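Asks: Hey, dropping start-v1.tsv in here, TSV, C-alpha atoms:
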chain	number	residue	atom	x	y	z
A	1	MET	CA	31.48	78.47	111.67
A	2	PRO	CA	31.10	79.38	115.33
A	3	ALA	CA	32.61	82.64	116.49
A	4	VAL	CA	33.82	83.79	119.88
A	5	ARG	CA	32.43	87.13	121.00
A	6	LEU	CA	33.91	89.25	123.74
A	7	ARG	CA	31.35	89.40	126.53
A	8	TRP	CA	30.78	92.36	128.82
A	9	GLU	CA	31.61	90.61	132.11
A	10	PRO	CA	31.09	92.33	134.52
A	11	LYS	CA	28.63	94.58	132.70
A	12	PRO	CA	29.48	98.30	132.60
A	13	ALA	CA	26.84	100.69	133.93
A	14	PHE	CA	25.71	102.08	130.57
A	15	GLY	CA	22.06	101.65	131.44
A	16	GLY	CA	19.74	103.74	129.27
A	17	MET	CA	22.49	106.14	128.22
A	18	LEU	CA	22.94	104.51	124.81
A	19	LYS	CA	19.24	105.06	123.97
A	20	ARG	CA	19.78	108.83	124.05
A	21	LEU	CA	22.35	108.76	121.25
A	22	LYS	CA	21.19	109.36	117.68
A	23	ASN	CA	24.43	108.34	115.92
A	24	LYS	CA	26.07	105.49	117.82
A	25	ARG	CA	28.64	104.60	115.14
A	26	PRO	CA	31.51	106.82	116.44
A	27	LEU	CA	30.98	105.46	119.95
A	28	TYR	CA	30.94	101.86	118.71
A	29	LEU	CA	34.20	102.42	116.81
A	30	GLN	CA	35.88	103.73	119.96
A	31	LEU	CA	34.51	100.89	122.10
A	32	ASN	CA	35.70	98.31	119.54
A	33	ASN	CA	39.20	99.85	119.58
A	34	LEU	CA	39.13	99.75	123.38
A	35	MET	CA	38.17	96.07	123.35
A	36	ILE	CA	40.93	95.18	120.88
A	37	ALA	CA	43.44	97.03	123.10
A	38	MET	CA	42.19	95.00	126.08
A	39	VAL	CA	42.57	91.72	124.12
A	40	ASN	CA	46.12	92.70	123.12
A	41	GLU	CA	47.06	93.47	126.72
A	42	THR	CA	45.50	90.22	127.92
A	43	HIS	CA	47.46	88.15	125.40
A	44	GLN	CA	50.70	90.00	126.19
A	45	HIS	CA	50.44	88.93	129.82
A	46	ALA	CA	49.04	85.42	129.08
A	47	GLY	CA	45.71	86.29	130.66
A	48	MET	CA	44.44	88.52	133.42
A	49	PRO	CA	44.03	86.56	135.70
A	50	LYS	CA	46.77	84.25	134.38
A	51	TRP	CA	45.62	81.43	132.11
A	52	LYS	CA	46.57	77.85	132.84
A	53	PRO	CA	49.70	77.31	130.69
A	54	SER	CA	49.49	74.88	127.79
A	55	GLN	CA	51.93	71.97	127.54
A	56	ARG	CA	53.56	73.56	124.47
A	57	ALA	CA	54.16	76.79	126.39
A	58	ILE	CA	55.70	74.83	129.27
A	59	ASP	CA	57.96	72.84	126.93
A	60	GLU	CA	59.12	75.85	124.91
A	61	GLY	CA	59.27	78.32	127.80
A	62	SER	CA	56.87	80.76	126.14
A	63	LEU	CA	53.38	82.08	126.87
A	64	THR	CA	50.08	80.34	126.18
A	65	GLY	CA	48.31	81.42	122.99
A	66	ARG	CA	51.36	83.16	121.48
A	67	LYS	CA	53.07	80.68	119.13
A	68	SER	CA	51.89	82.02	115.77
A	69	GLY	CA	49.81	84.97	116.97
A	70	HIS	CA	46.95	83.89	114.70
A	71	LEU	CA	44.47	83.43	117.54
A	72	TRP	CA	45.50	86.73	119.11
A	73	ASN	CA	45.41	88.77	115.88
A	74	SER	CA	42.12	87.38	114.58
A	75	TRP	CA	39.85	89.58	116.70
A	76	ARG	CA	37.73	91.78	114.39
A	77	PRO	CA	35.04	94.38	115.14
A	78	VAL	CA	31.45	93.59	114.19
A	79	SER	CA	30.09	96.42	112.06
A	80	GLY	CA	27.30	98.47	113.58
A	81	LYS	CA	27.77	97.05	117.09
A	82	ALA	CA	30.01	97.49	120.11
A	83	ARG	CA	31.35	93.95	119.78
A	84	ILE	CA	34.43	92.14	118.53
A	85	GLU	CA	34.61	88.50	117.52
A	86	ASN	CA	37.14	85.84	116.62
A	87	ARG	CA	36.25	83.34	113.88
A	88	THR	CA	39.38	81.20	114.16
A	89	ALA	CA	38.49	77.50	114.11
A	90	TYR	CA	39.91	76.72	117.57
A	91	ALA	CA	38.97	80.02	119.26
A	92	VAL	CA	35.84	78.57	120.89
A	93	ASP	CA	37.86	75.76	122.46
A	94	PHE	CA	40.66	78.11	123.56
A	95	TYR	CA	38.55	80.84	125.17
A	96	HIS	CA	35.56	78.81	126.44
A	97	GLY	CA	37.19	75.39	126.93
A	98	HIS	CA	35.44	72.02	126.92
A	99	GLY	CA	35.34	68.80	128.86
A	100	ALA	CA	36.60	65.46	127.56
A	101	ARG	CA	34.63	64.65	124.42
A	102	THR	CA	34.38	62.18	121.57
A	103	VAL	CA	34.96	63.52	118.06
A	104	GLN	CA	34.31	61.92	114.68
A	105	VAL	CA	37.39	61.57	112.44
A	106	PRO	CA	36.48	61.29	108.73
A	107	ALA	CA	37.86	58.60	106.43
A	108	SER	CA	41.16	59.50	104.77
A	109	TYR	CA	44.03	58.10	102.76
A	110	ARG	CA	47.56	57.72	104.10
A	111	ARG	CA	50.55	57.60	101.75
A	112	ILE	CA	53.50	55.41	102.72
A	113	ARG	CA	56.66	57.03	101.41
A	114	ARG	CA	60.15	55.57	101.31
A	115	THR	CA	63.44	56.73	99.91
A	116	ALA	CA	64.15	54.57	96.90
A	117	LYS	CA	66.11	54.62	93.66
A	118	LEU	CA	63.87	53.46	90.89
A	119	TYR	CA	64.85	52.35	87.40
A	120	GLY	CA	66.23	55.20	85.30
A	121	GLN	CA	66.79	57.62	88.20
A	122	THR	CA	70.23	59.00	89.01
A	123	ARG	CA	69.59	59.62	92.70
A	124	ARG	CA	67.43	58.36	95.53
A	125	ARG	CA	64.12	60.18	96.08
A	126	LYS	CA	61.13	59.80	98.36
A	127	GLN	CA	58.55	57.82	96.49
A	128	THR	CA	55.01	56.84	97.40
A	129	VAL	CA	55.20	53.06	97.55
A	130	ALA	CA	51.70	52.33	98.87
A	131	VAL	CA	48.44	53.99	99.77
A	132	SER	CA	46.31	52.78	102.64
A	133	MET	CA	42.83	53.85	103.61
A	134	VAL	CA	41.97	54.86	107.15
A	135	LYS	CA	38.32	54.23	107.95
A	136	ALA	CA	36.14	56.81	109.66
A	137	HIS	CA	36.37	56.44	113.42
A	138	THR	CA	35.87	58.25	116.70
A	139	LYS	CA	38.55	59.40	119.08
A	140	ARG	CA	38.51	60.77	122.59
A	141	GLU	CA	39.78	64.35	123.00
A	142	ARG	CA	41.37	65.63	126.19
A	143	PRO	CA	39.56	68.34	128.13
A	144	GLN	CA	40.57	71.92	127.30
A	145	PRO	CA	40.69	74.50	130.11
A	146	ALA	CA	38.84	77.77	129.47
A	147	ARG	CA	41.03	80.84	129.01
A	148	PRO	CA	38.51	83.70	129.07
A	149	ILE	CA	39.23	87.35	128.44
A	150	LYS	CA	37.84	89.21	131.45
A	151	TRP	CA	37.09	92.90	131.64
A	152	THR	CA	39.40	94.60	134.12
A	153	ARG	CA	38.22	97.51	136.23
A	154	ARG	CA	40.49	99.87	134.28
A	155	TYR	CA	38.90	99.03	130.92
A	156	ILE	CA	35.35	99.19	132.34
A	157	LYS	CA	36.06	102.73	133.58
A	158	LYS	CA	37.50	103.69	130.16
A	159	ALA	CA	34.40	102.32	128.41
A	160	GLU	CA	32.08	104.20	130.77
A	161	ARG	CA	34.07	107.41	130.17
A	162	LYS	CA	33.74	106.99	126.39
A	163	VAL	CA	29.98	106.53	126.67
A	164	LEU	CA	29.64	109.58	128.92
A	165	GLU	CA	31.69	111.71	126.48
A	166	HIS	CA	29.32	110.83	123.66
A	167	VAL	CA	26.15	111.27	125.73
A	168	LEU	CA	27.21	114.68	127.06
A	169	LYS	CA	28.17	116.09	123.63
Would you put the structure from the file into structure tokens?
Replies:
Amino acid sequence: MPAVRLRWEPKPAFGGMLKRLKNKRPLYLQLNNLMIAMVNETHQHAGMPKWKPSQRAIDEGSLTGRKSGHLWNSWRPVSGKARIENRTAYAVDFYHGHGARTVQVPASYRRIRRTAKLYGQTRRRKQTVAVSMVKAHTKRERPQPARPIKWTRRYIKKAERKVLEHVLK
């Protein structure tokens, strides 16, 4: 399954400082926590800069990417690295976007249900009255705008400070 990784854009000026460290694990833990805090702040404000609102957010008067919170809360640190990733199925489309594309829909069965009172029943219930097969086919998907998480100047400075603290210890 593809995963979305938070990219260092623009790149902080760590340079060769990380090569001097013998034990990088405490630094990586702090950087991962910093990145998760940045993701939380970004989702609270519906993007920095603001993301293009989704149709659902417009209809319901809420913010984009906040209906269930699953996409927002699925960011996890990668062990042994200063990186977080999101393995939610639609995270790649949400954060990186895509143009109009054709997707393959697999074959499936569709049940036709009706409310009916059958012989021997005391009340009406929904019953499956027929089953139809839907053949495999292709369908055209609408384009999805990219909603990236960008590093703000404030978080870049915090990350650089954390690295300097660990290098100067």
Asks: Neighbourhood query: residues within 6 Å of (42.4, 54.5, 99.2), file coordinates, counting only C-alpha atoms; return as a VMD selection string.
Replies: chain A and resid 109 132 to 133
Asks: Counting all atoms listed in the file, which residues come within 12 Å of (22.5, 105.7, 122.8), with the point read in the file's coordinates, and could you list them as a VMD selection string?
Replies: chain A and resid 14 to 28 81 to 82 162 to 169
Asks: Can you tell me, as a PDB file with C-alpha atoms, keeping the file's coordinate frame, what residues are no more than 9 Å from Gly99 (chain A) when counting only C-alpha atoms, ignoring any on the same chain fewer than 3 positions away?
Replies:
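Resulting contents of part-v6.pdb:
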ATOM      1  CA  GLU A 141      39.780  64.350 123.000  1.00  0.00           C
ATOM      2  CA  ARG A 142      41.370  65.630 126.190  1.00  0.00           C
ATOM      3  CA  PRO A 143      39.560  68.340 128.130  1.00  0.00           C
ATOM      4  CA  GLN A 144      40.570  71.920 127.300  1.00  0.00           C
ATOM      5  CA  PRO A 145      40.690  74.500 130.110  1.00  0.00           C
TER       6      PRO A 145
END
Asks: Find the residues near Asn33 (chain A): any atom within 12 Å, counting all atoms listed in the file, skip ones fewer than 4 places away on the same chain, and give them as a list in words.
Replies: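 The residues satisfying every condition are Pro26, Leu27, Tyr28, Leu29, Ala37, Met38, Val39, Asn40, Trp75, Arg76, Pro77, Val78, Ala82, Arg83, Ile84, Tyr155, Lys158, Ala159 and Lys162 of chain A.
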Asks: Record the distance separating CA of Pro2 (chain A) and CA of Ala46 (chain A), expressed in Å with one decimal.
Replies: 23.4 Å
Asks: One number please: CA of Gln44 (chain A) to CA of Arg153 (chain A), in Å, one decimal.
Replies: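 It comes out at 17.7 Å.
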Asks: Please list as a PDB file with C-alpha atoms, keeping the file's coordinate frame every residue within 9 Å of region 60-65 of chain A, counting all atoms listed in the file and excluding residues in the same chain fewer than 3 positions away.
Replies:
ATOM      1  CA  HIS A  43      47.460  88.150 125.400  1.00  0.00           C
ATOM      2  CA  GLN A  44      50.700  90.000 126.190  1.00  0.00           C
ATOM      3  CA  HIS A  45      50.440  88.930 129.820  1.00  0.00           C
ATOM      4  CA  ALA A  46      49.040  85.420 129.080  1.00  0.00           C
ATOM      5  CA  GLY A  47      45.710  86.290 130.660  1.00  0.00           C
ATOM      6  CA  TRP A  51      45.620  81.430 132.110  1.00  0.00           C
ATOM      7  CA  LYS A  52      46.570  77.850 132.840  1.00  0.00           C
ATOM      8  CA  PRO A  53      49.700  77.310 130.690  1.00  0.00           C
ATOM      9  CA  SER A  54      49.490  74.880 127.790  1.00  0.00           C
ATOM     10  CA  GLN A  55      51.930  71.970 127.540  1.00  0.00           C
ATOM     11  CA  ARG A  56      53.560  73.560 124.470  1.00  0.00           C
ATOM     12  CA  ALA A  57      54.160  76.790 126.390  1.00  0.00           C
ATOM     13  CA  SER A  68      51.890  82.020 115.770  1.00  0.00           C
ATOM     14  CA  GLY A  69      49.810  84.970 116.970  1.00  0.00           C
ATOM     15  CA  HIS A  70      46.950  83.890 114.700  1.00  0.00           C
ATOM     16  CA  LEU A  71      44.470  83.430 117.540  1.00  0.00           C
ATOM     17  CA  TRP A  72      45.500  86.730 119.110  1.00  0.00           C
ATOM     18  CA  PHE A  94      40.660  78.110 123.560  1.00  0.00           C
TER      19      PHE A  94
END
Asks: Name the closest residue to Gly80 (chain A) among the candidates A:Leu31, A:Ile58, A:Val92, A:Val103; distances are taken between atoms, counting all atoms listed in the file.
Replies: A:Leu31
Asks: Which residues are near Ser108 (chain A)? Cut-off 12 Å, only C-alpha atoms, ignore same chain within fewer than 4 positions. Put them as an mmCIF file with C-alpha atoms, keeping the file's coordinate frame.
Replies:
data_model
loop_
_atom_site.group_PDB
_atom_site.id
_atom_site.type_symbol
_atom_site.label_atom_id
_atom_site.label_comp_id
_atom_site.auth_asym_id
_atom_site.auth_seq_id
_atom_site.Cartn_x
_atom_site.Cartn_y
_atom_site.Cartn_z
ATOM 1 C CA VAL A 131 48.440 53.990 99.770
ATOM 2 C CA SER A 132 46.310 52.780 102.640
ATOM 3 C CA MET A 133 42.830 53.850 103.610
ATOM 4 C CA VAL A 134 41.970 54.860 107.150
ATOM 5 C CA LYS A 135 38.320 54.230 107.950
ATOM 6 C CA ALA A 136 36.140 56.810 109.660
ATOM 7 C CA HIS A 137 36.370 56.440 113.420
#
Asks: Interatomic distance between CA of Lys67 (chain A) and CA of Val105 (chain A)?
Replies: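 Rounded to one decimal, the two atoms are 25.6 Å apart.
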Asks: Residues at most 8 Å from Arg87 (chain A), counting all atoms listed in the file, excluding those fewer than 4 positions away in the same chain, as a compact mmCIF listing (two decimals) with C-alpha atoms, in the frame of the given file?
Replies:
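The resulting file, result22.txt, is reproduced below:
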# COMPACT_ATOMS: atom_id res chain seq x y z
CA MET A 1 31.48 78.47 111.67
CA PRO A 2 31.10 79.38 115.33
CA ALA A 3 32.61 82.64 116.49
CA VAL A 4 33.82 83.79 119.88
CA SER A 74 42.12 87.38 114.58
CA TRP A 75 39.85 89.58 116.70
CA ALA A 91 38.97 80.02 119.26
Asks: Measuring between all atoms listed in the file, which one of A:Glu41, A:Tyr90, A:Pro106, A:Leu34 shows the shortest distance to Lys157 (chain A)?
Replies: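 Nearest to Lys157 (chain A): A:Leu34.
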Asks: Starting from the incomplete input, reconstruct N, CA and C atoms of region 78-111 of chain A and write that as a PDB file, in the coordinates of the input.
Replies:
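As a result, result.pdb now contains:
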ATOM      1  N   VAL A  78      32.684  93.884 114.895  1.00  0.00           N
ATOM      2  CA  VAL A  78      31.450  93.590 114.190  1.00  0.00           C
ATOM      3  C   VAL A  78      30.860  94.940 113.786  1.00  0.00           C
ATOM      4  N   SER A  79      30.554  95.116 112.519  1.00  0.00           N
ATOM      5  CA  SER A  79      30.090  96.420 112.060  1.00  0.00           C
ATOM      6  C   SER A  79      28.719  96.748 112.642  1.00  0.00           C
ATOM      7  N   GLY A  80      28.574  98.000 113.052  1.00  0.00           N
ATOM      8  CA  GLY A  80      27.300  98.470 113.580  1.00  0.00           C
ATOM      9  C   GLY A  80      27.023  98.074 115.012  1.00  0.00           C
ATOM     10  N   LYS A  81      27.990  97.473 115.701  1.00  0.00           N
ATOM     11  CA  LYS A  81      27.770  97.050 117.090  1.00  0.00           C
ATOM     12  C   LYS A  81      29.039  97.298 117.906  1.00  0.00           C
ATOM     13  N   ALA A  82      28.865  97.389 119.205  1.00  0.00           N
ATOM     14  CA  ALA A  82      30.010  97.490 120.110  1.00  0.00           C
ATOM     15  C   ALA A  82      30.398  96.073 120.501  1.00  0.00           C
ATOM     16  N   ARG A  83      31.021  95.353 119.552  1.00  0.00           N
ATOM     17  CA  ARG A  83      31.350  93.950 119.780  1.00  0.00           C
ATOM     18  C   ARG A  83      32.511  93.571 118.869  1.00  0.00           C
ATOM     19  N   ILE A  84      33.384  92.717 119.374  1.00  0.00           N
ATOM     20  CA  ILE A  84      34.430  92.140 118.530  1.00  0.00           C
ATOM     21  C   ILE A  84      34.284  90.631 118.602  1.00  0.00           C
ATOM     22  N   GLU A  85      34.735  89.951 117.534  1.00  0.00           N
ATOM     23  CA  GLU A  85      34.610  88.500 117.520  1.00  0.00           C
ATOM     24  C   GLU A  85      35.822  87.871 116.858  1.00  0.00           C
ATOM     25  N   ASN A  86      36.030  86.605 117.155  1.00  0.00           N
ATOM     26  CA  ASN A  86      37.140  85.840 116.620  1.00  0.00           C
ATOM     27  C   ASN A  86      36.566  84.605 115.941  1.00  0.00           C
ATOM     28  N   ARG A  87      36.800  84.466 114.636  1.00  0.00           N
ATOM     29  CA  ARG A  87      36.250  83.340 113.880  1.00  0.00           C
ATOM     30  C   ARG A  87      37.270  82.243 113.609  1.00  0.00           C
ATOM     31  N   THR A  88      38.390  82.253 114.322  1.00  0.00           N
ATOM     32  CA  THR A  88      39.380  81.200 114.160  1.00  0.00           C
ATOM     33  C   THR A  88      38.770  79.869 114.596  1.00  0.00           C
ATOM     34  N   ALA A  89      39.120  78.802 113.892  1.00  0.00           N
ATOM     35  CA  ALA A  89      38.490  77.500 114.110  1.00  0.00           C
ATOM     36  C   ALA A  89      38.595  77.020 115.558  1.00  0.00           C
ATOM     37  N   TYR A  90      39.721  77.237 116.213  1.00  0.00           N
ATOM     38  CA  TYR A  90      39.910  76.720 117.570  1.00  0.00           C
ATOM     39  C   TYR A  90      39.701  77.781 118.642  1.00  0.00           C
ATOM     40  N   ALA A  91      39.168  78.945 118.287  1.00  0.00           N
ATOM     41  CA  ALA A  91      38.970  80.020 119.260  1.00  0.00           C
ATOM     42  C   ALA A  91      37.945  79.644 120.327  1.00  0.00           C
ATOM     43  N   VAL A  92      36.877  78.968 119.927  1.00  0.00           N
ATOM     44  CA  VAL A  92      35.840  78.570 120.890  1.00  0.00           C
ATOM     45  C   VAL A  92      36.444  77.651 121.947  1.00  0.00           C
ATOM     46  N   ASP A  93      37.235  76.677 121.507  1.00  0.00           N
ATOM     47  CA  ASP A  93      37.860  75.760 122.460  1.00  0.00           C
ATOM     48  C   ASP A  93      38.860  76.496 123.352  1.00  0.00           C
ATOM     49  N   PHE A  94      39.623  77.417 122.796  1.00  0.00           N
ATOM     50  CA  PHE A  94      40.660  78.110 123.560  1.00  0.00           C
ATOM     51  C   PHE A  94      40.042  79.018 124.627  1.00  0.00           C
ATOM     52  N   TYR A  95      39.091  79.852 124.237  1.00  0.00           N
ATOM     53  CA  TYR A  95      38.550  80.840 125.170  1.00  0.00           C
ATOM     54  C   TYR A  95      37.468  80.294 126.089  1.00  0.00           C
ATOM     55  N   HIS A  96      36.646  79.343 125.609  1.00  0.00           N
ATOM     56  CA  HIS A  96      35.560  78.810 126.440  1.00  0.00           C
ATOM     57  C   HIS A  96      35.861  77.438 127.010  1.00  0.00           C
ATOM     58  N   GLY A  97      36.816  76.713 126.429  1.00  0.00           N
ATOM     59  CA  GLY A  97      37.190  75.390 126.930  1.00  0.00           C
ATOM     60  C   GLY A  97      36.111  74.359 126.670  1.00  0.00           C
ATOM     61  N   HIS A  98      36.407  73.112 127.026  1.00  0.00           N
ATOM     62  CA  HIS A  98      35.440  72.020 126.920  1.00  0.00           C
ATOM     63  C   HIS A  98      35.928  70.865 127.768  1.00  0.00           C
ATOM     64  N   GLY A  99      34.991  70.003 128.121  1.00  0.00           N
ATOM     65  CA  GLY A  99      35.340  68.800 128.860  1.00  0.00           C
ATOM     66  C   GLY A  99      35.837  67.726 127.897  1.00  0.00           C
ATOM     67  N   ALA A 100      36.190  66.569 128.427  1.00  0.00           N
ATOM     68  CA  ALA A 100      36.600  65.460 127.560  1.00  0.00           C
ATOM     69  C   ALA A 100      35.432  65.114 126.650  1.00  0.00           C
ATOM     70  N   ARG A 101      35.710  64.910 125.365  1.00  0.00           N
ATOM     71  CA  ARG A 101      34.630  64.650 124.420  1.00  0.00           C
ATOM     72  C   ARG A 101      35.095  63.676 123.345  1.00  0.00           C
ATOM     73  N   THR A 102      34.117  63.095 122.667  1.00  0.00           N
ATOM     74  CA  THR A 102      34.380  62.180 121.570  1.00  0.00           C
ATOM     75  C   THR A 102      34.139  62.931 120.267  1.00  0.00           C
ATOM     76  N   VAL A 103      35.109  62.860 119.350  1.00  0.00           N
ATOM     77  CA  VAL A 103      34.960  63.520 118.060  1.00  0.00           C
ATOM     78  C   VAL A 103      35.034  62.499 116.932  1.00  0.00           C
ATOM     79  N   GLN A 104      34.340  62.791 115.851  1.00  0.00           N
ATOM     80  CA  GLN A 104      34.310  61.920 114.680  1.00  0.00           C
ATOM     81  C   GLN A 104      35.457  62.312 113.748  1.00  0.00           C
ATOM     82  N   VAL A 105      36.293  61.354 113.380  1.00  0.00           N
ATOM     83  CA  VAL A 105      37.390  61.570 112.440  1.00  0.00           C
ATOM     84  C   VAL A 105      36.952  60.993 111.103  1.00  0.00           C
ATOM     85  N   PRO A 106      36.942  61.802 110.021  1.00  0.00           N
ATOM     86  CA  PRO A 106      36.480  61.290 108.730  1.00  0.00           C
ATOM     87  C   PRO A 106      37.477  60.313 108.109  1.00  0.00           C
ATOM     88  N   ALA A 107      36.996  59.530 107.151  1.00  0.00           N
ATOM     89  CA  ALA A 107      37.860  58.600 106.430  1.00  0.00           C
ATOM     90  C   ALA A 107      38.900  59.383 105.634  1.00  0.00           C
ATOM     91  N   SER A 108      40.096  58.805 105.498  1.00  0.00           N
ATOM     92  CA  SER A 108      41.160  59.500 104.770  1.00  0.00           C
ATOM     93  C   SER A 108      42.110  58.461 104.168  1.00  0.00           C
ATOM     94  N   TYR A 109      43.020  58.961 103.360  1.00  0.00           N
ATOM     95  CA  TYR A 109      44.030  58.100 102.760  1.00  0.00           C
ATOM     96  C   TYR A 109      45.384  58.484 103.326  1.00  0.00           C
ATOM     97  N   ARG A 110      46.211  57.497 103.570  1.00  0.00           N
ATOM     98  CA  ARG A 110      47.560  57.720 104.100  1.00  0.00           C
ATOM     99  C   ARG A 110      48.568  57.177 103.104  1.00  0.00           C
ATOM    100  N   ARG A 111      49.506  58.043 102.691  1.00  0.00           N
ATOM    101  CA  ARG A 111      50.550  57.600 101.750  1.00  0.00           C
ATOM    102  C   ARG A 111      51.742  57.083 102.525  1.00  0.00           C
TER     103      ARG A 111
END
